[in-house]
Amino acid sequence: MATHRLIHVTRTGNDTDGLAEFTNADTVLLPTHSSDPTGTTEGEMIYNSTDDKIKIYDGSAWVVVGNTTEQIQDIIGGMVTGNTETNVTVTYDDSDGTLDFVVSASDSTAIVDGDSDTKIQVDEGGSDEDKIRYDVAGTEVAVQDVGGMAFTTNSGTVRHNQTQAATYTIATGEGQLMAGPVVITGTITNNGTLVII
């Protein structure tokens, strides 16, 4: 690789300086090698047919033009590894070039709002009480267990809209209580008990 020629690329094809010229319809064929040759001059360029890569000699080694797949994976991996965003931890696995995502709830026994004052929690305090507790604005308003839902003295009551637009079925063995007057614009199929007071 000691032979060098100047290449002059023009769009017009006009030859005014005696250098090799190419129009925009031509292509440039790089020297093709099945393995990297012994480099002698920084800036030499070849096409390595075994690697299917264009390479430039940097004065000490042949380097691929552009980023390799591994380099791109390392760049992306470095951007996300070790970061925890909203309870999602991402780790880059360099051995197979993948990103591993792990989702972890900060509290697996509760659904909590941003300032932690409104929540639905189970087994409060770590005890196995088999209850669901509902807190609103820092106050427990209801507790549900196998016996039903009990509203606390800090809560209101169950309210319904006096226009019932939904279509649904009250199954056998179920009951529903509404306070009238009630306008039903949907369809209620009553196979159980419906009481309107």
# chains A, B, ... in the order shown; residues from 1 in each chain; ligands from 1
call {"tool": "residues_around", "arguments": {"residues": "region 42-44 of chain A", "least_positions_apart": "6", "cutoff": "8 Å", "atoms": "only C-alpha atoms", "output": "list in words"}}
result
Ile56, Tyr57, Asp58, Gly59 and Ser60 of chain A
call {"tool": "select_by_dssp", "arguments": {"residues": "region 20-90 of chain A", "states": "helix (DSSP H, G or I)", "output": "PyMOL selection string"}}
result
chain A and resi 69-80
call {"tool": "residues_around", "arguments": {"residues": "Tyr47 (chain A)", "least_positions_apart": "4", "cutoff": "9 Å", "atoms": "only C-alpha atoms", "output": "VMD selection string"}}
result
chain A and resid 29 to 34 36 51 to 56
call {"tool": "write_last_selection", "arguments": {"atoms": "C-alpha atoms", "output": "CSV table (one decimal), in the first residue's frame"}}
result
chain,number,residue,atom,x,y,z
A,29,LEU,CA,-13.8,1.5,-5.8
A,30,LEU,CA,-11.7,1.3,-2.7
A,31,PRO,CA,-8.8,-1.2,-2.6
A,32,THR,CA,-10.3,-4.5,-1.4
A,33,HIS,CA,-8.5,-6.8,1.0
A,34,SER,CA,-9.6,-10.0,2.7
A,36,ASP,CA,-6.0,-5.9,7.0
A,51,ASP,CA,-15.3,-7.9,7.8
A,52,ASP,CA,-17.5,-6.1,5.3
A,53,LYS,CA,-16.2,-2.8,6.7
A,54,ILE,CA,-14.5,0.3,5.4
A,55,LYS,CA,-11.3,0.9,7.4
A,56,ILE,CA,-8.8,3.7,7.8
call {"tool": "atom_distance", "arguments": {"atom1": "CA of Gly148 (chain A)", "atom2": "CA of Val195 (chain A)"}}
result
18.8 Å
